[in-house]
Structure formats: C-alpha cells, structure tokens
>>> print(open('input-v6.csv').read())   # CSV, C-alpha atoms and all ligand atoms
chain,number,residue,atom,x,y,z
A,254,MET,CA,-149.3,-134.0,-250.3
A,255,ALA,CA,-147.4,-134.9,-247.1
A,256,GLU,CA,-150.8,-135.3,-245.4
A,257,SER,CA,-152.0,-137.7,-248.1
A,258,ILE,CA,-148.8,-139.8,-247.9
A,259,SER,CA,-149.2,-140.0,-244.2
A,260,ALA,CA,-152.9,-140.9,-244.5
A,261,ALA,CA,-152.1,-143.6,-247.1
A,262,ILE,CA,-149.8,-145.4,-244.7
A,263,ASN,CA,-152.0,-144.5,-241.7
A,264,VAL,CA,-149.5,-142.5,-239.6
A,265,ALA,CA,-149.2,-138.9,-238.3
A,266,PRO,CA,-147.7,-136.4,-240.7
A,267,ILE,CA,-144.1,-135.4,-239.9
A,268,PRO,CA,-143.8,-131.6,-239.6
A,269,HIS,CA,-140.1,-131.4,-240.6
A,270,ILE,CA,-140.1,-133.9,-243.5
A,271,SER,CA,-141.1,-132.7,-247.0
A,272,PRO,CA,-143.2,-134.8,-249.3
A,273,ASP,CA,-140.1,-135.5,-251.4
A,274,ALA,CA,-138.2,-136.5,-248.2
A,275,ALA,CA,-141.0,-139.0,-247.5
A,276,THR,CA,-140.2,-140.9,-250.7
A,277,SER,CA,-136.5,-140.1,-251.2
A,278,GLY,CA,-135.4,-140.0,-247.6
A,279,VAL,CA,-133.9,-136.5,-247.8
A,280,ALA,CA,-135.0,-133.8,-245.3
A,281,SER,CA,-136.1,-130.4,-246.6
A,282,LYS,CA,-134.9,-128.2,-243.8
A,283,LYS,CA,-131.6,-127.9,-242.0
A,284,PRO,CA,-130.7,-131.5,-241.1
A,285,THR,CA,-130.6,-132.4,-237.5
A,286,PRO,CA,-127.9,-134.9,-236.3
A,287,ARG,CA,-128.5,-138.5,-237.4
A,288,ILE,CA,-129.6,-141.1,-234.8
A,289,ALA,CA,-126.5,-143.1,-235.6
A,290,ASP,CA,-124.3,-140.1,-234.5
A,291,PHE,CA,-125.4,-140.7,-230.9
A,292,THR,CA,-124.8,-144.4,-230.6
A,293,LYS,CA,-121.7,-144.1,-228.3
A,294,VAL,CA,-123.6,-141.9,-225.8
A,295,THR,CA,-126.5,-144.2,-226.0
A,296,GLN,CA,-124.4,-147.3,-225.4
A,297,VAL,CA,-122.7,-145.8,-222.3
A,298,ARG,CA,-126.1,-144.8,-220.9
A,299,ARG,CA,-127.5,-148.3,-221.5
A,300,ILE,CA,-124.5,-149.9,-219.7
A,301,VAL,CA,-125.0,-147.5,-216.7
A,302,ALA,CA,-128.8,-148.3,-216.7
A,303,ALA,CA,-128.1,-152.1,-216.8
A,304,ALA,CA,-125.6,-151.8,-214.0
A,305,VAL,CA,-128.1,-149.8,-211.9
A,306,VAL,CA,-130.9,-152.4,-212.6
A,307,LEU,CA,-128.6,-155.3,-211.6
A,308,LEU,CA,-127.4,-153.5,-208.4
A,309,MET,CA,-130.9,-152.6,-207.3
A,310,SER,CA,-132.3,-156.1,-208.2
A,311,TYR,CA,-129.5,-157.7,-206.2
A,312,HIS,CA,-130.7,-155.8,-203.1
A,313,PHE,CA,-134.4,-156.5,-203.7
A,314,VAL,CA,-134.4,-160.2,-204.6
A,315,GLY,CA,-135.8,-162.3,-201.7
A,316,SER,CA,-134.7,-165.6,-200.2
A,317,SER,CA,-137.4,-167.6,-202.0
A,318,TRP,CA,-138.9,-167.2,-205.5
A,319,ARG,CA,-142.3,-167.9,-203.9
A,320,ASP,CA,-142.3,-164.6,-202.0
A,321,VAL,CA,-144.6,-162.6,-204.3
A,322,PHE,CA,-143.6,-159.2,-202.8
A,323,GLN,CA,-140.1,-159.1,-204.4
A,324,TYR,CA,-141.6,-159.0,-207.9
A,325,HIS,CA,-143.0,-155.5,-207.1
A,326,PRO,CA,-139.7,-153.6,-206.6
A,327,LEU,CA,-137.9,-155.9,-209.2
A,328,MET,CA,-140.5,-155.2,-212.0
A,329,MET,CA,-140.8,-151.5,-211.2
A,330,THR,CA,-137.0,-151.2,-211.3
A,331,VAL,CA,-136.7,-152.9,-214.7
A,332,ALA,CA,-139.7,-150.8,-216.0
A,333,CYS,CA,-138.4,-147.4,-214.8
A,334,VAL,CA,-134.7,-147.8,-215.2
A,335,GLY,CA,-134.5,-150.2,-218.1
A,336,PHE,CA,-137.5,-149.2,-220.3
A,337,LEU,CA,-138.5,-145.7,-219.5
A,338,PRO,CA,-135.2,-144.1,-220.7
A,339,GLU,CA,-135.5,-146.1,-224.0
A,340,ILE,CA,-139.1,-144.8,-224.5
A,341,MET,CA,-138.0,-141.2,-223.9
A,342,HIS,CA,-134.9,-141.6,-226.0
A,343,LEU,CA,-136.9,-142.9,-228.9
A,344,SER,CA,-139.5,-140.2,-228.6
A,345,ASN,CA,-136.7,-137.6,-228.8
A,346,ASN,CA,-135.4,-139.3,-231.9
A,347,PHE,CA,-138.6,-138.7,-233.9
A,348,ARG,CA,-137.3,-135.2,-234.7
A,349,ARG,CA,-134.1,-136.7,-236.2
A,350,CYS,CA,-135.8,-139.1,-238.6
A,351,ARG,CA,-135.1,-138.2,-242.2
A,352,SER,CA,-137.6,-140.5,-243.9
A,353,MET,CA,-141.0,-142.0,-243.3
A,354,VAL,CA,-139.4,-145.5,-243.1
A,355,GLU,CA,-137.0,-144.3,-240.4
A,356,ARG,CA,-139.8,-142.6,-238.5
A,357,GLN,CA,-142.0,-145.7,-238.8
A,358,GLN,CA,-139.3,-147.9,-237.3
A,359,THR,CA,-138.6,-145.4,-234.5
A,360,VAL,CA,-142.4,-145.2,-233.6
A,361,GLY,CA,-142.6,-149.0,-233.8
A,362,LEU,CA,-139.8,-149.4,-231.3
A,363,HIS,CA,-141.3,-146.6,-229.1
A,364,LEU,CA,-144.6,-148.5,-229.1
A,365,GLN,CA,-143.0,-151.9,-228.3
A,366,THR,CA,-140.9,-150.5,-225.4
A,367,ALA,CA,-144.0,-148.6,-224.0
A,368,ILE,CA,-146.0,-151.8,-224.1
A,369,ALA,CA,-143.2,-153.8,-222.5
A,370,MET,CA,-143.0,-151.1,-219.7
A,371,LYS,CA,-146.8,-151.3,-219.2
A,372,VAL,CA,-146.7,-155.1,-218.9
A,373,LEU,CA,-143.8,-155.1,-216.4
A,374,SER,CA,-145.4,-152.4,-214.3
A,375,LEU,CA,-148.7,-154.4,-214.3
A,376,ILE,CA,-146.9,-157.5,-213.1
A,377,GLY,CA,-145.3,-155.4,-210.4
A,378,PHE,CA,-148.7,-153.9,-209.5
A,379,VAL,CA,-150.4,-157.3,-209.3
A,380,ALA,CA,-147.5,-158.6,-207.2
A,381,ILE,CA,-147.9,-155.9,-204.6
A,382,GLU,CA,-151.7,-156.3,-204.5
A,383,ILE,CA,-151.5,-160.2,-204.1
A,384,SER,CA,-148.8,-159.6,-201.4
A,385,LYS,CA,-151.0,-157.2,-199.5
A,386,ILE,CA,-154.0,-159.4,-199.8
A,387,GLN,CA,-152.0,-162.4,-198.5
A,388,ARG,CA,-150.8,-160.3,-195.5
A,389,LYS,CA,-154.3,-158.8,-195.0
A,390,LYS,CA,-152.9,-155.2,-195.3
A,391,LYS,CA,-154.9,-152.1,-196.3
A,392,HIS,CA,-154.4,-150.7,-199.7
A,393,PHE,CA,-153.1,-147.3,-200.8
A,394,THR,CA,-152.5,-145.9,-197.4
A,395,THR,CA,-149.1,-144.3,-198.0
A,396,TRP,CA,-147.9,-141.5,-200.3
A,397,HIS,CA,-145.8,-144.1,-202.2
A,398,GLY,CA,-148.9,-146.3,-202.7
A,399,LEU,CA,-151.0,-143.4,-203.9
A,400,ILE,CA,-148.5,-141.7,-206.2
A,401,GLY,CA,-147.5,-145.2,-207.5
A,402,LEU,CA,-151.1,-145.9,-208.4
A,403,ILE,CA,-151.4,-142.5,-210.2
A,404,CYS,CA,-148.2,-143.4,-212.0
A,405,ILE,CA,-149.6,-146.8,-213.2
A,406,ILE,CA,-152.8,-145.1,-214.3
A,407,VAL,CA,-151.0,-142.3,-216.2
A,408,LEU,CA,-148.8,-145.0,-217.9
A,409,ALA,CA,-151.9,-146.8,-219.1
A,410,LEU,CA,-153.5,-143.6,-220.4
A,411,GLN,CA,-150.3,-142.6,-222.2
A,412,VAL,CA,-150.1,-145.9,-224.0
A,413,VAL,CA,-153.8,-145.6,-225.1
A,414,ILE,CA,-153.4,-142.0,-226.2
A,415,GLY,CA,-150.2,-142.9,-228.1
A,416,ILE,CA,-152.0,-145.7,-229.9
A,417,VAL,CA,-155.1,-143.6,-230.7
A,418,TYR,CA,-152.9,-140.8,-232.0
A,419,HIS,CA,-150.6,-142.9,-234.1
A,420,TYR,CA,-153.2,-145.1,-235.7
A,421,ARG,CA,-155.7,-142.2,-236.1
A,422,LEU,CA,-158.4,-144.1,-234.1
A,423,PHE,CA,-160.8,-141.1,-234.0
A,424,PRO,CA,-163.3,-139.7,-236.5
A,425,THR,CA,-161.4,-136.6,-237.6
A,426,LYS,CA,-164.4,-135.0,-239.4
A,427,ARG,CA,-166.5,-134.9,-236.2
A,428,PHE,CA,-163.6,-133.7,-234.0
A,429,PRO,CA,-161.3,-131.5,-236.0
A,430,GLY,CA,-158.1,-130.7,-234.2
A,431,ILE,CA,-158.4,-133.7,-231.9
A,432,PHE,CA,-155.0,-135.1,-233.1
A,433,SER,CA,-153.0,-132.0,-232.4
A,434,LEU,CA,-154.6,-131.9,-229.0
A,435,LEU,CA,-153.8,-135.6,-228.4
A,436,ARG,CA,-150.2,-135.0,-229.5
A,437,LYS,CA,-149.8,-132.2,-227.0
A,438,VAL,CA,-151.4,-134.3,-224.2
A,439,HIS,CA,-149.1,-137.2,-225.1
A,440,GLN,CA,-146.0,-135.0,-225.0
A,441,TRP,CA,-146.9,-133.5,-221.6
A,442,LEU,CA,-148.1,-136.8,-220.1
A,443,GLY,CA,-144.7,-138.3,-221.1
A,444,ILE,CA,-142.9,-135.7,-219.0
A,445,THR,CA,-145.5,-136.1,-216.2
A,446,LEU,CA,-144.9,-139.8,-216.2
A,447,VAL,CA,-141.1,-139.3,-215.8
A,448,ALA,CA,-141.8,-137.1,-212.7
A,449,LEU,CA,-144.3,-139.6,-211.2
A,450,ALA,CA,-141.9,-142.5,-211.8
A,451,ALA,CA,-139.1,-140.6,-210.1
A,452,VAL,CA,-141.2,-139.7,-207.1
A,453,SER,CA,-142.7,-143.2,-206.8
A,454,MET,CA,-139.1,-144.7,-206.9
A,455,TYR,CA,-137.8,-142.2,-204.4
A,456,LEU,CA,-140.7,-143.0,-202.0
A,457,GLY,CA,-140.5,-146.7,-202.7
A,458,LEU,CA,-136.8,-146.5,-201.6
A,459,GLN,CA,-137.9,-144.9,-198.3
A,460,THR,CA,-140.3,-147.8,-197.3
A,461,HIS,CA,-139.5,-150.2,-194.4
A,462,PHE,CA,-138.7,-152.9,-196.9
A,463,ALA,CA,-136.2,-150.7,-198.7
A,464,GLU,CA,-134.6,-149.7,-195.4
A,465,LYS,CA,-133.9,-153.3,-194.7
A,466,ALA,CA,-132.9,-154.3,-198.2
A,467,VAL,CA,-130.6,-151.3,-198.8
A,468,VAL,CA,-129.3,-150.4,-195.3
A,469,GLU,CA,-127.2,-147.3,-196.2
A,470,PRO,CA,-129.2,-144.1,-196.7
A,471,TRP,CA,-126.7,-142.8,-199.2
A,472,ALA,CA,-127.2,-146.0,-201.3
A,473,ARG,CA,-131.0,-145.5,-201.3
A,474,MET,CA,-130.5,-141.9,-202.3
A,475,PHE,CA,-128.0,-143.0,-205.0
A,476,PHE,CA,-130.6,-145.5,-206.5
A,477,ALA,CA,-133.3,-142.9,-206.4
A,478,LEU,CA,-131.2,-140.2,-208.1
A,479,ALA,CA,-129.7,-142.7,-210.6
A,480,THR,CA,-133.2,-143.8,-211.7
A,481,THR,CA,-134.1,-140.1,-212.5
A,482,ALA,CA,-130.7,-139.2,-214.0
A,483,VAL,CA,-130.8,-142.1,-216.5
A,484,VAL,CA,-134.2,-141.0,-217.8
A,485,ILE,CA,-133.4,-137.3,-218.0
A,486,PHE,CA,-130.0,-138.1,-219.7
A,487,ALA,CA,-131.8,-140.3,-222.3
A,488,TYR,CA,-134.2,-137.5,-223.1
A,489,VAL,CA,-132.2,-134.3,-222.9
A,490,ARG,CA,-128.6,-135.2,-223.6
A,491,GLU,CA,-129.1,-137.2,-226.8
B,1,LIG,C1,-142.2,-146.4,-210.2
B,1,LIG,C2,-142.0,-147.3,-209.4
B,1,LIG,C3,-143.1,-147.8,-208.4
B,1,LIG,C4,-144.4,-147.8,-208.5
B,1,LIG,C5,-145.2,-147.1,-209.6
B,1,LIG,C6,-145.0,-148.4,-207.3
B,1,LIG,C7,-146.3,-148.5,-207.0
B,1,LIG,C8,-146.8,-149.0,-205.8
B,1,LIG,C9,-148.2,-149.0,-205.4
B,1,LIG,C10,-149.4,-148.6,-206.3
B,1,LIG,C11,-148.3,-149.5,-204.2
B,1,LIG,C12,-149.6,-149.6,-203.3
B,1,LIG,C13,-150.2,-151.0,-203.3
B,1,LIG,C14,-151.4,-150.9,-202.3
B,1,LIG,O1,-151.4,-150.2,-201.4
B,1,LIG,O2,-152.4,-151.7,-202.5
B,1,LIG,C15,-147.0,-149.8,-203.7
B,1,LIG,C16,-146.7,-150.4,-202.5
B,1,LIG,C17,-145.4,-150.7,-202.1
B,1,LIG,N1,-144.2,-150.5,-202.8
B,1,LIG,FE1,-144.1,-149.7,-204.7
B,1,LIG,N2,-143.9,-148.9,-206.5
B,1,LIG,C18,-142.7,-148.5,-207.2
B,1,LIG,C19,-141.5,-148.8,-206.8
B,1,LIG,C20,-141.1,-149.4,-205.6
B,1,LIG,C21,-139.8,-149.8,-205.1
B,1,LIG,C22,-138.5,-149.5,-205.9
B,1,LIG,C23,-139.9,-150.3,-203.9
B,1,LIG,C24,-138.9,-150.9,-203.0
B,1,LIG,C25,-137.6,-150.6,-203.0
B,1,LIG,C26,-141.3,-150.4,-203.5
B,1,LIG,C27,-141.8,-150.9,-202.4
B,1,LIG,C28,-143.2,-150.9,-202.0
B,1,LIG,C29,-143.7,-151.3,-200.7
B,1,LIG,C30,-142.8,-151.8,-199.5
B,1,LIG,C31,-145.1,-151.2,-200.8
B,1,LIG,C32,-146.1,-151.5,-199.6
B,1,LIG,C33,-146.1,-150.4,-198.7
B,1,LIG,C34,-146.9,-149.2,-199.2
B,1,LIG,O3,-148.0,-149.3,-199.7
B,1,LIG,O4,-146.3,-148.1,-199.2
B,1,LIG,N3,-142.0,-149.8,-204.6
B,1,LIG,N4,-146.1,-149.5,-204.7
B,2,LIG,C1,-144.8,-145.2,-221.6
B,2,LIG,C2,-145.5,-144.7,-222.6
B,2,LIG,C3,-145.1,-143.6,-223.5
B,2,LIG,C4,-144.3,-142.5,-223.2
B,2,LIG,C5,-143.6,-142.1,-221.9
B,2,LIG,C6,-144.2,-141.7,-224.4
B,2,LIG,C7,-143.6,-140.4,-224.5
B,2,LIG,C8,-143.6,-139.6,-225.6
B,2,LIG,C9,-143.1,-138.3,-225.6
B,2,LIG,C10,-142.4,-137.6,-224.5
B,2,LIG,C11,-143.3,-137.8,-226.9
B,2,LIG,C12,-142.9,-136.4,-227.4
B,2,LIG,C13,-141.6,-136.4,-228.1
B,2,LIG,C14,-141.3,-134.9,-228.3
B,2,LIG,O1,-141.8,-134.3,-229.2
B,2,LIG,O2,-140.4,-134.4,-227.6
B,2,LIG,C15,-143.9,-138.9,-227.6
B,2,LIG,C16,-144.2,-138.8,-229.0
B,2,LIG,C17,-144.9,-139.8,-229.7
B,2,LIG,N1,-145.4,-141.0,-229.2
B,2,LIG,FE1,-145.2,-141.6,-227.3
B,2,LIG,N2,-144.9,-142.3,-225.4
B,2,LIG,C18,-145.5,-143.5,-224.9
B,2,LIG,C19,-146.2,-144.4,-225.6
B,2,LIG,C20,-146.5,-144.3,-226.9
B,2,LIG,C21,-147.3,-145.3,-227.6
B,2,LIG,C22,-147.8,-146.7,-227.1
B,2,LIG,C23,-147.4,-144.9,-228.9
B,2,LIG,C24,-148.1,-145.7,-230.0
B,2,LIG,C25,-147.6,-145.8,-231.2
B,2,LIG,C26,-146.7,-143.6,-229.0
B,2,LIG,C27,-146.6,-142.9,-230.1
B,2,LIG,C28,-146.0,-141.6,-230.2
B,2,LIG,C29,-145.9,-140.8,-231.4
B,2,LIG,C30,-146.5,-141.2,-232.8
B,2,LIG,C31,-145.3,-139.6,-231.1
B,2,LIG,C32,-144.9,-138.5,-232.0
B,2,LIG,C33,-145.9,-137.4,-231.8
B,2,LIG,C34,-145.5,-136.3,-232.8
B,2,LIG,O3,-144.7,-135.4,-232.5
B,2,LIG,O4,-146.1,-136.3,-233.9
B,2,LIG,N3,-146.2,-143.3,-227.8
B,2,LIG,N4,-144.1,-140.0,-226.8
>>> encode(input="input-v6.csv", output="structure tokens", more="lines below")
Ligand code: HEM
Ligand code: HEM
Amino acid sequence: MAESISAAINVAPIPHISPDAATSGVASKKPTPRIADFTKVTQVRRIVAAAVVLLMSYHFVGSSWRDVFQYHPLMMTVACVGFLPEIMHLSNNFRRCRSMVERQQTVGLHLQTAIAMKVLSLIGFVAIEISKIQRKKKHFTTWHGLIGLICIIVLALQVVIGIVYHYRLFPTKRFPGIFSLLRKVHQWLGITLVALAAVSMYLGLQTHFAEKAVVEPWARMFFALATTAVVIFAYVRE
C-alpha cells in the first residue's frame, strides 16, 4: 500500500511512515523529534555560517570586479559554507518527516539547495578556468586543483543520482534493486562530498593567493576548520 501511494505520487517510499501516516500525517513507529523542535539550533548555525561566509568573502574580494579570479574563492565559499550545510541538514531531516507532504517539501528544498550549490560551484570553476587561460597557466597541476576537480565531478554525480533516485528515472523491471543501490550510493557520496569539500577548502586556503589574502596562518586554519565544522554540525547535531 505504502509502495502504491509512493508510486502514485512518483516518490520513493518512506521506510518509517505507515500507509495511514501517508494520508493522515501520523507516524506509525516511535516518533522522532519534529523538525520545528530544532529551529533555534538551526538559526544559530545559520548565523555562524553567514558570518563565516562574510568574513571569508571580505578577504577574497579583489580590487576590481573585472578580475575573474576572485569569483572562484567567493563562489566556492558560498557553495561550501552557505549551501552544503543546508543540503546535509535537510537530508538528515527526511527521517523526521511525519507525512508524505512534509517529506515532499523537505526533498524539494534538498533538491533546490543542491542545484543552487551546483550552479555556484560551476560559476567558481568556470572563473578559475578563464583566469588560468587568461594568465596562460597550466591546469590541474596542484593537489588543490586535482581534488577540487574531483569534488566538482562528485557533486554533479550526486545531483544526477539524487534526481534519478527521487523521480524513479530507471526501468525498475529490468534492474530490480537499482533504487536501493542508488540510495546507498547517494548516502555515501554525500559524506564523501563533505570530505572532498573540506580538503579542497583547506588546500585552497594554503595557496599563494590565500596566503596574501589572509596573512595570518591561524586565520586560514580557522576558516578551513569553520567550513568543515558548520557542515558536520548541520548533519550530526540536529
Ligand atoms: C570546495 C572548494 C573549492 C574547490 C572545489 C576548488 C576547485 C579548484 C579547481 C578544480 C582548481 C583547478 C583549476 C585548474 O587547474 O585548471 C582550483 C584552482 C585554484 N583555487 Fe580552488 N577550489 C575551492 C576553493 C578555493 C578557495 C577557498 C581558494 C582560495 C582561498 C581557492 C584558490 C584557488 C587557487 C589560487 C587556484 C589556482 C592554483 C591551483 O590550481 O592550485 N580555491 N580550485
Ligand atoms: C549536493 C548534492 C546532494 C547531497 C550532498 C545530498 C546528500 C544526501 C544525503 C547525505 C542523504 C542521506 C540522508 C540520510 O539517510 O542520512 C540524502 C538523501 C536523499 N537525497 Fe540527497 N543529496 C544531494 C542532492 C540531491 C538531489 C539533487 C536530490 C533530488 C531530488 C536528492 C534526493 C534525495 C532523496 C530523495 C534522499 C532520501 C533517500 C532515502 O533515504 O530514501 N538529493 N541526500
């Protein structure tokens, strides 16, 4: 029954919500805390993330808006500190949804924030490529460049897998079990992405540009740790 309700509205079944819950909004098993119970923690985390984004952007912004390079660290910071924690936070909230409607809304927001992060990181990527072409520099010659490239590819893969899984864009009859596999891959790629973003950020903050933009080593370390801490806090704490 739960399967057929899910199929009717074209979404994945929710393991912890009974068929009745799907229509009445009441969970069958022991209720998990409601999303609304965590709003204070979420608000504090968002304020901290916004402060970190502003502080980092203040250091990265160049003297002229025409300098394409600056859009690389700026966009990557907004994507990783502003959006990634929200994506992880929303993914964690799926388990707390008590009705199909609540879950649909949460998945919708998860999808929108993921696409926003992908667009921002693509702008950042294009900016660094244009900047390198303008300066006639070689591509992907540093660990930061290589791991950053993997990070951007994994992000694209994650968005595609998320969409294929959610909208069931695969013939289930020919590949039974494909969606449970995609679900597992999506869960693990999410964690992998957080690790890749943390390493890319840390290495980005060790480049010559970063050493000039943020002179104090402790400040660069602070930014690197803050980036990771905000994402982990969004996923684990709430
Ligand atoms: C998750 C965040 C980031 C990702 C995924 C990322 C990705 C990349 C990639 C793929 C390149 C290589 C471009 C090429 O070689 O053609 C690159 C280069 C570069 N990035 Fe980032 N970046 C991130 C954050 C940052 C930050 C925060 C800074 C500065 C504070 C930064 C500074 C640089 C610099 C200076 C280069 C050129 C030198 C090099 O290739 O190592 N990046 N980045
Ligand atoms: C930056 C991109 C994304 C990241 C980092 C990400 C991360 C995650 C993570 C970590 C989970 C597992 C939650 C858990 O069980 O602990 C998850 C679940 C999920 N994600 Fe994403 N996601 C991304 C993009 C997308 C997109 C574009 C969609 C498309 C709608 C999507 C749909 C889903 C769905 C439906 C689930 C629930 C899976 C289930 O347990 O049934 N995700 N996501």
>>> closest_residue(input="input-v6.csv", among="A:His325, A:Lys293, A:Arg349, A:Lys426", to="Phe378 of chain A", atoms="all atoms listed in the file")
A:His325
>>> residues_near_ligand(input="input-v6.csv", ligand="ligand LIG 1 (chain B)", cutoff="6 Å", atoms="only C-alpha atoms and all ligand atoms", output="MDAnalysis selection string")
chainID A and resid 326 329:330 381:382 392:395 397:399 401:402 404:405 450 453:454 457:458 460 462:463
>>> atom_distance(input="input-v6.csv", atom1="atom CA of Leu408 of chain A", atom2="atom CA of Ile300 of chain A")
24.9 Å
>>> residues_near_ligand(input="input-v6.csv", ligand="ligand LIG 2 (chain B)", cutoff="6 Å", atoms="all atoms listed in the file", output="ChimeraX atom specification")
/A:265,340-341,344-345,360,364,367,408,411-412,415-416,419,436,439-440,443-444
>>> atom_distance(input="input-v6.csv", atom1="atom CA of Gln387 of chain A", atom2="atom CA of Gln323 of chain A")
13.7 Å
>>> closest_atom_pairs(input="input-v6.csv", of="segment 406-477 of chain A", to="segment 304-307 of chain A", cutoff="12 Å", atoms="all atoms listed in the file", output="CSV")
residue,atom,partner,partner_atom,distance
A:Ala472,CA,A:Val305,CA,11.3
A:Arg473,CA,A:Val305,CA,11.8
A:Phe475,CA,A:Val305,CA,9.7
A:Phe476,CA,A:Val305,CA,7.3
A:Ala477,CA,A:Val305,CA,10.2
>>> write_last_selection(input="input-v6.csv", atoms="C-alpha atoms", output="short mmCIF file (atom, residue, chain, number, x, y, z; two decimals), in the frame of the given file")
data_model
loop_
_atom_site.label_atom_id
_atom_site.label_comp_id
_atom_site.auth_asym_id
_atom_site.auth_seq_id
_atom_site.Cartn_x
_atom_site.Cartn_y
_atom_site.Cartn_z
CA ALA A 472 -127.20 -146.00 -201.30
CA ARG A 473 -131.00 -145.50 -201.30
CA PHE A 475 -128.00 -143.00 -205.00
CA PHE A 476 -130.60 -145.50 -206.50
CA ALA A 477 -133.30 -142.90 -206.40
#
>>> closest_residue(input="input-v6.csv", among="A:Tyr418, A:Trp396, A:Tyr488, A:Trp441", to="Tyr455 of chain A", atoms="all atoms listed in the file")
A:Trp396
>>> residues_around(input="input-v6.csv", residues="Lys385 of chain A", least_positions_apart="6", cutoff="10 Å", atoms="all atoms listed in the file", output="PyMOL selection string")
chain A and resi 321-322+379+391-392
>>> residues_around(input="input-v6.csv", residues="segment 480-482 of chain A", least_positions_apart="4", cutoff="7 Å", atoms="only C-alpha atoms", output="list in words")
Val334, Ala451, Phe476 and Phe486 of chain A
>>> residues_around(input="input-v6.csv", residues="Ala369 of chain A", least_positions_apart="3", cutoff="8 Å", atoms="only C-alpha atoms", output="list of chain:residue names")
A:Ala332, A:Phe336, A:Gln365, A:Thr366, A:Val372, A:Leu373
>>> write_last_selection(input="input-v6.csv", atoms="C-alpha atoms", output="CSV table (one decimal), in the coordinates of the input")
chain,number,residue,atom,x,y,z
A,332,ALA,CA,-139.7,-150.8,-216.0
A,336,PHE,CA,-137.5,-149.2,-220.3
A,365,GLN,CA,-143.0,-151.9,-228.3
A,366,THR,CA,-140.9,-150.5,-225.4
A,372,VAL,CA,-146.7,-155.1,-218.9
A,373,LEU,CA,-143.8,-155.1,-216.4
